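Worksheet for the structure shown next.
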Amino acid sequence: MEDKNTTIDLQLQNYLPWHKARLKFLNLFIVSLIRNRNISYSKNAVTLNNRETCTNLRRIQRFFTEFSIDFDIIAQLLLALIPIKAP
């Protein structure tokens, strides 16, 4: 699983001009969303990493309240990640 996380990190670094700590959090959060198949902050806080759930919950809340996200860059990232099949 570590190799996949490194691949995600590299993709995020290519498209998002964010601080490394924010990129690492986003990587962990994306993996947590996929594992849980749920968007609830409290459920994702449990599987985010090996820290306490309340710490992770506060980390998720702080990220989404204090950090403004440029959705045009996110859209470019998502388009770049979609595999394109040849006709």
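We label chains A, B, ... in the order they appear in the structure tokens, count residues from 1 in each chain, and number ligands from 1 in the order shown.
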Going by DSSP on the backbone, which residues of chain A come out as alpha helix (DSSP H)? List them as a ChimeraX atom specification.
/A:2-15,20-36,41-47,53-66,71-81
Shell around region 36-48 of chain A at 9 Å using only C-alpha atoms, local window under 3 positions removed, as a compact mmCIF listing (two decimals) with N, CA and C atoms, in the first residue's frame:
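This went into result_11.txt:
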# COMPACT_ATOMS: atom_id res chain seq x y z
N PHE A 25 -1.78 15.13 4.02
CA PHE A 25 -3.12 14.99 4.60
C PHE A 25 -4.13 14.60 3.53
N LEU A 28 -3.81 10.98 2.62
CA LEU A 28 -4.40 10.11 3.65
C LEU A 28 -5.92 10.17 3.62
N PHE A 29 -6.45 11.37 3.41
CA PHE A 29 -7.90 11.54 3.40
C PHE A 29 -8.54 10.83 2.21
N VAL A 31 -7.35 8.19 0.60
CA VAL A 31 -7.28 6.75 0.86
C VAL A 31 -8.34 6.35 1.89
N SER A 32 -8.53 7.18 2.90
CA SER A 32 -9.55 6.91 3.92
C SER A 32 -10.95 6.92 3.31
N LEU A 33 -11.23 7.87 2.43
CA LEU A 33 -12.53 7.92 1.76
C LEU A 33 -12.79 6.66 0.95
N ARG A 51 -3.22 7.89 14.78
CA ARG A 51 -3.40 8.80 15.89
C ARG A 51 -4.80 8.64 16.47
N GLU A 52 -5.07 9.35 17.55
CA GLU A 52 -6.38 9.27 18.17
C GLU A 52 -7.45 9.84 17.24
N THR A 53 -8.64 9.29 17.34
CA THR A 53 -9.75 9.68 16.47
C THR A 53 -10.09 11.16 16.64
N CYS A 54 -10.10 11.66 17.87
CA CYS A 54 -10.46 13.07 18.08
C CYS A 54 -9.42 14.00 17.45
N THR A 55 -8.15 13.60 17.46
CA THR A 55 -7.10 14.39 16.82
C THR A 55 -7.30 14.42 15.31
N ASN A 56 -7.59 13.26 14.75
CA ASN A 56 -7.82 13.19 13.31
C ASN A 56 -9.06 13.97 12.89
N LEU A 57 -10.10 13.87 13.70
CA LEU A 57 -11.33 14.61 13.39
C LEU A 57 -11.07 16.10 13.36
N ARG A 58 -10.33 16.59 14.35
CA ARG A 58 -10.01 18.01 14.39
C ARG A 58 -9.13 18.41 13.21
N ARG A 59 -8.24 17.52 12.80
CA ARG A 59 -7.37 17.78 11.64
C ARG A 59 -8.19 17.93 10.36
N ILE A 60 -9.16 17.05 10.18
CA ILE A 60 -10.04 17.12 9.01
C ILE A 60 -10.85 18.41 9.03
N GLN A 61 -11.41 18.74 10.17
CA GLN A 61 -12.22 19.96 10.28
C GLN A 61 -11.39 21.20 10.00
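Atom to atom, CA of Ser68 (chain A) and CA of Asn27 (chain A) stand 16.9 Å apart.
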I want to know what sits within 12 Å of region 73-87 of chain A, based on only C-alpha atoms, with residues of the same chain fewer than 2 positions away left out; could you give that as JSON, numbers by chain? {"A": [7, 8, 10, 11, 12, 13, 14, 15, 16, 17, 18, 26, 68, 69, 70, 71]}
